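Student: Okay, so here is data-v5.txt, and as you'll see once you scroll down, it has compact mmCIF, C-alpha atoms and all ligand atoms.
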```txt
# COMPACT_ATOMS: atom_id res chain seq x y z
CA MET A 1 15.89 6.97 -3.54
CA LEU A 2 14.37 8.97 -0.68
CA ASN A 3 16.28 8.80 2.58
CA ARG A 4 14.22 9.34 5.69
CA GLU A 5 14.05 8.60 9.41
CA ASP A 6 11.25 6.80 11.21
CA SER A 7 9.77 8.06 14.47
CA LEU A 8 12.49 6.19 16.41
CA GLY A 9 15.19 8.01 14.43
CA ARG A 10 16.15 4.93 12.41
CA PRO A 11 16.99 5.60 8.76
CA TYR A 12 15.05 4.03 5.91
CA ALA A 13 14.59 4.66 2.22
CA ILE A 14 11.67 4.55 -0.20
CA ARG A 15 12.84 3.49 -3.65
CA PRO A 16 11.46 1.95 -6.84
CA ALA A 17 11.22 -1.85 -6.64
CA ARG A 18 13.83 -3.94 -8.46
CA PRO A 19 13.38 -7.49 -9.79
CA ALA A 20 15.63 -8.75 -6.97
CA ASP A 21 13.01 -7.52 -4.46
CA ALA A 22 10.42 -10.06 -5.66
CA ALA A 23 11.08 -12.60 -2.89
CA ALA A 24 11.01 -9.96 -0.16
CA ILE A 25 7.71 -8.59 -1.50
CA ARG A 26 6.30 -12.13 -1.50
CA THR A 27 7.30 -12.52 2.15
CA ILE A 28 5.54 -9.28 3.11
CA LEU A 29 2.39 -10.26 1.22
CA SER A 30 2.45 -13.79 2.68
CA ASP A 31 2.78 -12.46 6.23
CA LEU A 32 -0.10 -10.06 5.62
CA ALA A 33 -2.24 -12.80 4.07
CA ASP A 34 -1.44 -15.21 6.93
CA ALA A 35 -2.45 -12.60 9.49
CA GLY A 36 -5.74 -12.53 7.65
CA ASP A 37 -7.54 -9.55 9.03
CA PHE A 38 -6.81 -6.63 6.84
CA ILE A 39 -5.87 -7.53 3.31
CA LEU A 40 -7.96 -9.00 0.56
CA LEU A 41 -5.42 -11.66 -0.42
CA SER A 42 -5.63 -15.10 1.17
CA PRO A 43 -2.50 -17.21 1.77
CA GLY A 44 -3.01 -19.42 -1.30
CA GLU A 45 -3.34 -16.35 -3.55
CA VAL A 46 0.09 -14.80 -2.97
CA GLY A 47 1.90 -17.06 -5.44
CA ALA A 48 4.97 -19.09 -4.51
CA ASP A 49 6.79 -18.41 -7.80
CA ASP A 50 8.68 -15.11 -7.89
CA GLY A 51 9.07 -15.12 -11.69
CA PRO A 52 5.73 -13.42 -12.47
CA ARG A 53 6.40 -10.81 -9.77
CA ARG A 54 9.85 -10.08 -11.22
CA ASP A 55 8.19 -9.61 -14.61
CA GLU A 56 5.63 -7.24 -13.06
CA ILE A 57 8.39 -5.17 -11.47
CA LEU A 58 10.14 -4.89 -14.84
CA ARG A 59 6.90 -3.96 -16.60
CA ALA A 60 6.10 -1.34 -13.97
CA SER A 61 9.57 0.17 -14.11
CA SER A 62 9.24 0.66 -17.87
CA ASN A 63 6.29 3.03 -17.37
CA PRO A 64 6.28 4.28 -13.76
CA ASP A 65 3.78 7.08 -14.42
CA ARG A 66 1.19 4.33 -15.07
CA TRP A 67 2.36 1.71 -12.62
CA TYR A 68 4.64 2.55 -9.74
CA LEU A 69 5.98 -0.22 -7.52
CA ALA A 70 8.15 0.95 -4.64
CA VAL A 71 9.64 -0.62 -1.55
CA VAL A 72 10.72 0.55 1.87
CA GLU A 73 14.26 -0.50 2.74
CA GLN A 74 15.55 -0.43 6.30
CA ASP A 75 18.72 -2.07 7.65
CA ALA A 76 19.35 -3.53 4.17
CA ALA A 77 16.00 -5.38 4.23
CA VAL A 78 12.78 -4.71 2.35
CA VAL A 79 10.15 -4.02 5.01
CA GLY A 80 7.33 -2.46 3.06
CA MET A 81 5.79 -1.94 -0.33
CA LEU A 82 3.66 0.46 -2.34
CA ASP A 83 1.72 -0.52 -5.46
CA MET A 84 0.09 2.28 -7.41
CA ARG A 85 -1.39 1.73 -10.84
CA ALA A 86 -3.53 3.64 -13.30
CA VAL A 87 -6.95 2.25 -14.18
CA PRO A 88 -6.34 0.50 -17.54
CA LEU A 89 -9.16 2.23 -19.42
CA GLN A 90 -8.57 5.36 -21.49
CA LYS A 91 -11.64 7.10 -20.08
CA CYS A 92 -10.49 6.48 -16.51
CA SER A 93 -6.76 6.82 -17.06
CA HIS A 94 -6.55 9.88 -14.78
CA VAL A 95 -7.36 7.61 -11.81
CA MET A 96 -4.81 5.49 -9.94
CA GLU A 97 -5.40 2.83 -7.31
CA VAL A 98 -2.97 2.49 -4.45
CA GLY A 99 -2.16 -0.16 -1.85
CA ILE A 100 0.50 -0.39 0.84
CA GLY A 101 1.72 -2.92 3.35
CA LEU A 102 4.48 -3.09 5.94
CA ALA A 103 6.19 -5.97 7.72
CA PRO A 104 4.99 -6.18 11.35
CA ALA A 105 8.30 -4.90 12.76
CA ALA A 106 8.12 -1.75 10.62
CA ARG A 107 4.66 -0.64 11.72
CA ASP A 108 3.67 2.24 14.00
CA ARG A 109 6.81 4.25 13.32
CA GLY A 110 5.42 6.72 10.83
CA ILE A 111 6.56 4.81 7.75
CA GLY A 112 3.06 4.02 6.44
CA THR A 113 2.07 7.68 6.64
CA ALA A 114 5.27 8.70 4.81
CA LEU A 115 4.61 6.05 2.15
CA MET A 116 1.11 7.41 1.54
CA ARG A 117 2.43 10.98 1.32
CA HIS A 118 4.98 9.73 -1.19
CA ALA A 119 2.18 8.07 -3.19
CA VAL A 120 0.26 11.35 -3.33
CA GLU A 121 3.36 13.25 -4.53
CA ARG A 122 4.16 10.62 -7.17
CA ALA A 123 0.57 10.50 -8.40
CA ARG A 124 0.50 14.28 -8.77
CA ALA A 125 3.81 14.28 -10.63
CA ALA A 126 2.42 11.59 -12.97
CA GLY A 127 -0.58 13.79 -13.86
CA CYS A 128 -3.07 11.67 -11.93
CA ARG A 129 -6.27 13.50 -10.91
CA LYS A 130 -7.63 11.06 -8.36
CA LEU A 131 -6.22 8.37 -6.09
CA ARG A 132 -8.41 5.55 -4.86
CA LEU A 133 -7.96 2.75 -2.38
CA PHE A 134 -9.97 0.05 -0.68
CA VAL A 135 -9.84 -0.73 3.02
CA ILE A 136 -11.67 -3.45 4.92
CA ALA A 137 -14.04 -1.93 7.49
CA GLY A 138 -12.49 -2.21 10.93
CA ASN A 139 -8.91 -1.60 9.77
CA ASP A 140 -8.81 1.54 11.88
CA ARG A 141 -5.07 2.12 11.80
CA ALA A 142 -5.05 2.10 8.00
CA GLY A 143 -8.22 4.23 7.86
CA HIS A 144 -6.60 6.73 10.22
CA ILE A 145 -3.49 7.25 8.11
CA TYR A 146 -5.49 7.48 4.89
CA GLY A 147 -7.63 10.18 6.48
CA LYS A 148 -4.48 11.98 7.64
CA VAL A 149 -3.20 12.26 4.07
CA GLY A 150 -6.51 13.54 2.73
CA PHE A 151 -8.48 10.45 1.66
CA ARG A 152 -12.21 10.46 2.36
CA GLU A 153 -14.74 7.64 2.25
CA THR A 154 -16.75 7.88 -0.97
CA GLY A 155 -18.67 4.64 -0.76
CA ARG A 156 -18.65 1.07 0.38
CA TYR A 157 -19.35 -2.39 -0.92
CA ARG A 158 -21.67 -3.83 1.70
CA GLU A 159 -20.70 -7.17 3.27
CA GLU A 160 -18.08 -7.68 0.55
CA VAL A 161 -15.33 -9.45 2.50
CA ARG A 162 -15.53 -12.57 4.63
CA VAL A 163 -13.09 -12.40 7.54
CA ASP A 164 -13.15 -15.26 10.07
CA GLY A 165 -16.68 -16.15 9.00
CA GLN A 166 -17.96 -12.59 9.43
CA LEU A 167 -18.97 -10.38 6.52
CA ARG A 168 -17.42 -6.94 6.49
CA ASP A 169 -17.85 -3.89 4.27
CA LEU A 170 -15.13 -2.88 1.85
CA VAL A 171 -14.70 0.88 2.16
CA VAL A 172 -13.78 2.98 -0.89
CA MET A 173 -11.62 6.01 -0.06
CA GLU A 174 -10.55 8.65 -2.58
CA ARG A 175 -8.36 11.70 -2.72
CA GLN A 176 -8.81 14.31 -5.40
CA LEU A 177 -5.52 15.77 -6.62
CA THR A 178 -6.74 18.87 -8.43
C1 LIG A 201 -1.73 0.14 7.89
C2 LIG A 201 -0.25 0.43 7.79
C3 LIG A 201 0.16 0.57 6.35
C4 LIG A 201 0.02 1.74 8.55
O1 LIG A 201 1.38 2.05 8.49
P1 LIG A 201 2.18 2.39 9.85
O2 LIG A 201 3.56 2.74 9.49
O3 LIG A 201 1.98 1.27 10.80
O4 LIG A 201 1.39 3.68 10.35
P2 LIG A 201 2.00 5.01 10.98
O5 LIG A 201 3.00 4.64 12.02
O6 LIG A 201 2.44 5.90 9.89
O7 LIG A 201 0.72 5.67 11.61
C5 LIG A 201 -0.07 4.93 12.51
C6 LIG A 201 -1.17 5.86 12.97
O8 LIG A 201 -2.31 5.06 13.25
C7 LIG A 201 -2.72 5.33 14.58
N1 LIG A 201 -3.27 4.06 15.04
C8 LIG A 201 -2.64 2.94 15.44
N2 LIG A 201 -3.53 1.98 15.73
C9 LIG A 201 -4.75 2.53 15.54
C10 LIG A 201 -6.08 2.06 15.69
N3 LIG A 201 -6.32 0.81 16.12
N4 LIG A 201 -7.10 2.89 15.39
C11 LIG A 201 -6.87 4.15 14.94
N5 LIG A 201 -5.63 4.65 14.78
C12 LIG A 201 -4.59 3.85 15.09
C13 LIG A 201 -1.45 5.75 15.30
O9 LIG A 201 -1.76 6.51 16.45
C14 LIG A 201 -0.81 6.61 14.22
O10 LIG A 201 -1.48 7.85 14.11
P3 LIG A 201 -0.77 9.25 14.48
O11 LIG A 201 0.49 9.31 13.68
O12 LIG A 201 -1.78 10.27 14.04
O13 LIG A 201 -0.53 9.18 15.95
C15 LIG A 201 0.60 -0.71 8.44
O14 LIG A 201 0.35 -0.75 9.83
C16 LIG A 201 0.30 -2.08 7.84
O15 LIG A 201 0.92 -2.46 6.87
N6 LIG A 201 -0.66 -2.80 8.42
C17 LIG A 201 -1.06 -4.12 7.98
C18 LIG A 201 -1.57 -4.18 6.54
C19 LIG A 201 -2.65 -3.16 6.24
O16 LIG A 201 -3.55 -2.94 7.02
N7 LIG A 201 -2.51 -2.56 5.04
C20 LIG A 201 -3.46 -1.62 4.55
C21 LIG A 201 -4.52 -2.34 3.82
S1 LIG A 201 -5.75 -1.22 3.17
```
Would you write out, as structure tokens, the structure that this file holds?
Tutor:
Amino acid sequence: MLNREDSLGRPYAIRPARPADAAAIRTILSDLADAGDFILLSPGEVGADDGPRRDEILRASSNPDRWYLAVVEQDAAVVGMLDMRAVPLQKCSHVMEVGIGLAPAARDRGIGTALMRHAVERARAAGCRKLRLFVIAGNDRAGHIYGKVGFRETGRYREEVRVDGQLRDLVVMERQLT
């Protein structure tokens, strides 16, 4: 458990996810999917049943150096999540992919930046050599914080994502850890 303060001086913690967090994680993902703009998931893809997510949390917690699921807790509520997992191929097992998301009320208070810094520290401690993420072109707030913690664009899938009928690029950003 890491106890911190956001930019308004309100305490929060980053801690490994527990099975009991499954419903709160679903709510965060559903809200993000409903908002539409900036995550790849669509509303029907979040999954209404929390059982599989509870199983995932248990599986991740049994080998956190390969799959690390963490949440942000503030005022006794889960307001954010981090999902970081190693590429499941032996030849690429030094690479991890990371994704984060925060509830609307938790944004713009420095928590996303802290979560990404935490991801970098955890990845290093797990022996990971490279972190990778994907961000939809136009998600400037996310792109800004990824740049701040050392990620750089290394490529893009052209016109990969359809958002409100418009095709957007999917930007690949990476951070070397050596
Ligand atoms: C993206 C997200 C994780 C960022 O976390 P956050 O806690 O809101 O971000 P922080 O408060 O740590 O930092 C926000 C930074 O972005 C900057 N910012 C805000 N809006 C911006 C914009 N439209 N363009 C560029 N920068 C912007 C802020 O100035 C701040 O930078 P600074 O600290 O250098 O001043 C969070 O807002 C979120 O979950 N958004 C919706 C889902 C999402 O986009 N997830 C990422 C998918 S790849």
Student: In file coordinates, which residues lie within 10 Å of (-14.6, -10.0, 6.6) using all atoms listed in the file, given as a short mmCIF file (atom, residue, chain, number, x, y, z; two decimals) with C-alpha atoms, in the coordinates of the input?
Tutor:
```cif
data_model
loop_
_atom_site.label_atom_id
_atom_site.label_comp_id
_atom_site.auth_asym_id
_atom_site.auth_seq_id
_atom_site.Cartn_x
_atom_site.Cartn_y
_atom_site.Cartn_z
CA GLY A 36 -5.74 -12.53 7.65
CA ASP A 37 -7.54 -9.55 9.03
CA PHE A 38 -6.81 -6.63 6.84
CA ILE A 39 -5.87 -7.53 3.31
CA LEU A 40 -7.96 -9.00 0.56
CA ILE A 136 -11.67 -3.45 4.92
CA ALA A 137 -14.04 -1.93 7.49
CA GLY A 138 -12.49 -2.21 10.93
CA GLU A 159 -20.70 -7.17 3.27
CA GLU A 160 -18.08 -7.68 0.55
CA VAL A 161 -15.33 -9.45 2.50
CA ARG A 162 -15.53 -12.57 4.63
CA VAL A 163 -13.09 -12.40 7.54
CA ASP A 164 -13.15 -15.26 10.07
CA GLY A 165 -16.68 -16.15 9.00
CA GLN A 166 -17.96 -12.59 9.43
CA LEU A 167 -18.97 -10.38 6.52
CA ARG A 168 -17.42 -6.94 6.49
CA ASP A 169 -17.85 -3.89 4.27
CA LEU A 170 -15.13 -2.88 1.85
#
```
Student: Could you list, as a compact mmCIF listing (two decimals) with C-alpha atoms, in the frame of the given file, all protein and nucleic acid residues with an atom at most 6 Å from ligand LIG 201 (chain A), counting only C-alpha atoms and all ligand atoms?
Tutor:
```
# COMPACT_ATOMS: atom_id res chain seq x y z
CA PHE A 38 -6.81 -6.63 6.84
CA ILE A 39 -5.87 -7.53 3.31
CA ILE A 100 0.50 -0.39 0.84
CA GLY A 101 1.72 -2.92 3.35
CA LEU A 102 4.48 -3.09 5.94
CA ARG A 107 4.66 -0.64 11.72
CA ASP A 108 3.67 2.24 14.00
CA ARG A 109 6.81 4.25 13.32
CA GLY A 110 5.42 6.72 10.83
CA ILE A 111 6.56 4.81 7.75
CA GLY A 112 3.06 4.02 6.44
CA THR A 113 2.07 7.68 6.64
CA PHE A 134 -9.97 0.05 -0.68
CA VAL A 135 -9.84 -0.73 3.02
CA ASP A 140 -8.81 1.54 11.88
CA ARG A 141 -5.07 2.12 11.80
CA ALA A 142 -5.05 2.10 8.00
CA HIS A 144 -6.60 6.73 10.22
CA ILE A 145 -3.49 7.25 8.11
```
Student: Measuring atom to atom with only C-alpha atoms, identify which of A:Arg26, A:Arg117, A:Arg175, A:Arg54 is nearest to Glu97 (chain A).
Tutor: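 For Glu97 (chain A), the nearest of the candidates is A:Arg175.
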Student: Using CA of Ala22 (chain A) and CA of Ala70 (chain A) as the two end points, give the distance in Å to one decimal.
Tutor: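 We find that CA of Ala22 (chain A) and CA of Ala70 (chain A) lie 11.3 Å from each other.
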Student: Record the distance separating CA of Leu58 (chain A) and CA of Val71 (chain A), expressed in Å with one decimal.
Tutor: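 About the pair CA of Leu58 (chain A) and CA of Val71 (chain A): they are 14.0 Å apart.
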Student: Of the candidates A:Asn3, A:Pro19, A:Ala123, A:Leu131, which shows the shortest atom-to-atom distance to Arg59 (chain A), using all atoms listed in the file?
Tutor: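 Result for the nearest residue to Arg59 (chain A): A:Pro19.
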Student: I'd like to know which of A:Arg132, A:Met116, A:Pro52, A:Gly47 is closest to Val87 (chain A), using all atoms listed in the file.
Tutor: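 So, comparing all the options, the nearest one is A:Arg132.
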Student: In Å to one decimal, how far is CA of Glu73 (chain A) from CA of Arg18 (chain A)?
Tutor: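 Taking CA of Arg18 (chain A) as the start and CA of Glu73 (chain A) as the end point, the length is 11.7 Å.
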Student: Need the shell around region 83-86 of chain A: protein/DNA/RNA residues with any atom at most 7 Å away, counting all atoms listed in the file. Skip same-chain ones fewer than 2 positions apart. Format as a ChimeraX atom specification?
Tutor: /A:66-70,81,88,93,95-100
Student: Create the file for the chosen residues now, containing C-alpha atoms and written as an mmCIF file, keeping the file's coordinate frame.
Tutor:
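Okay, selection.cif is ready:
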```cif
data_model
loop_
_atom_site.group_PDB
_atom_site.id
_atom_site.type_symbol
_atom_site.label_atom_id
_atom_site.label_comp_id
_atom_site.auth_asym_id
_atom_site.auth_seq_id
_atom_site.Cartn_x
_atom_site.Cartn_y
_atom_site.Cartn_z
ATOM 1 C CA ARG A 66 1.190 4.330 -15.070
ATOM 2 C CA TRP A 67 2.360 1.710 -12.620
ATOM 3 C CA TYR A 68 4.640 2.550 -9.740
ATOM 4 C CA LEU A 69 5.980 -0.220 -7.520
ATOM 5 C CA ALA A 70 8.150 0.950 -4.640
ATOM 6 C CA MET A 81 5.790 -1.940 -0.330
ATOM 7 C CA PRO A 88 -6.340 0.500 -17.540
ATOM 8 C CA SER A 93 -6.760 6.820 -17.060
ATOM 9 C CA VAL A 95 -7.360 7.610 -11.810
ATOM 10 C CA MET A 96 -4.810 5.490 -9.940
ATOM 11 C CA GLU A 97 -5.400 2.830 -7.310
ATOM 12 C CA VAL A 98 -2.970 2.490 -4.450
ATOM 13 C CA GLY A 99 -2.160 -0.160 -1.850
ATOM 14 C CA ILE A 100 0.500 -0.390 0.840
#
```
Student: Using only C-alpha atoms, can you tell me which of A:Tyr157, A:Asp21, A:Gln74, A:Asp31 comes closest to Gly9 (chain A)?
Tutor: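 Answer, going by the shortest atom-to-atom distance: A:Gln74.
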Student: Which polymer residues have any atom within 8 Å of an atom of Pro43 (chain A), counting only C-alpha atoms, with same-chain residues fewer than 4 positions away left out, as a PyMOL selection string?
Tutor: chain A and resi 30+33-34
Student: Which residues come within 9 Å of Ala24 (chain A), counting only C-alpha atoms, excluding same-chain residues fewer than 5 positions away, as a list in words?
Tutor: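 Once the nearby chain positions are removed, what remains is Leu29, Ala77, Val78, Val79 and Gly80 of chain A.
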Student: Give me, as a VMD selection string, all polymer residues having an atom no more than 7 Å from Leu177 (chain A), counting all atoms listed in the file and skipping those fewer than 4 positions away in the same chain.
Tutor: chain A and resid 124 129 to 130
Student: Excluding Ala20 (chain A) and residues on its chain fewer than 3 positions from it, collect all residues at most 10 Å away from it, counting all atoms listed in the file, and give them as a PyMOL selection string.
Tutor: chain A and resi 17+23-25+50+53-54+57
